[in-house]
Amino acid sequence: MLLSAPARRSIARLSGAVSFGSTTTPVTGTVTVTNATLRKAAATTTTTTQQTQLQQQQLVPARRAFSTSVRPKNTTTTATATATRAARAAYYSQETQGKKAGENKIWAFEEIQTLIEDPKRSVIIVDTREPSELATTGRIPGAINIPITTSPDSFFISEDEFEDRFGFPRPSKDSEVVFYCKAGVRSRGAAGLAREAGWEKVGEYPGSWLDWAAKGGKVER
């Protein structure tokens, strides 16, 4: 008859000591293991095994309930993050590939100069550089700052979120906008993003700040 390890340990304990009341007296010499002893050891082992299995079964549902619990998502944050990733990807695509010739209006230095002198101008000039750059160099007079590298989703978020972020209203989709940056690369990407977001009257100043400063354009600080 093959016995499991727990059974053999139980037999060893039973055969190594004899209890008299509350006193346990070691037994020396040869001890005969009877069928009754074997049955008692087997019963003890079976009971212990069943208790262990029951405890394990009770733990499994609790673990599953803990592991499958999911915190509710903040849908607003998720939507904004998704728009940001999509806009950033589109920005770098526009920055690398550019737009087809003739799709965006191209502005020259003289046209921008005339534009800023017009008190009734309806065209909005957008500086797409970072605020730290503007603090160093200044900007074209009247330009608003929408940093396209760190905020590529600016034309995709809601109007309220835009105003909370920048402190001024976003240009409406029916207004005409012209973008510039330092050397014309970021402005090209910004123009592409604005068009993709629904703006149709979109322009670029390819010479951007380097051209403006080199030709002595006015500076607003």
# chains A, B, ... in the order shown; residues from 1 in each chain; ligands from 1

call {"tool": "select_by_dssp", "arguments": {"residues": "stretch 141-199 of chain A", "states": "strand (DSSP E or B)", "output": "list in words"}}
result
Ile144, Asn145, Val177, Val178, Phe179 and Tyr180 of chain A

call {"tool": "residues_around", "arguments": {"residues": "A:Ile148", "least_positions_apart": "3", "cutoff": "7 Å", "atoms": "only C-alpha atoms", "output": "list in words"}}
result
Thr128, Arg129, Ser151, Pro152 and Ala190 of chain A

call {"tool": "closest_residue", "arguments": {"among": "A:Gly216, A:Pro206, A:Pro131, A:Pro119", "to": "A:Ile144", "atoms": "only C-alpha atoms"}}
result
A:Pro131
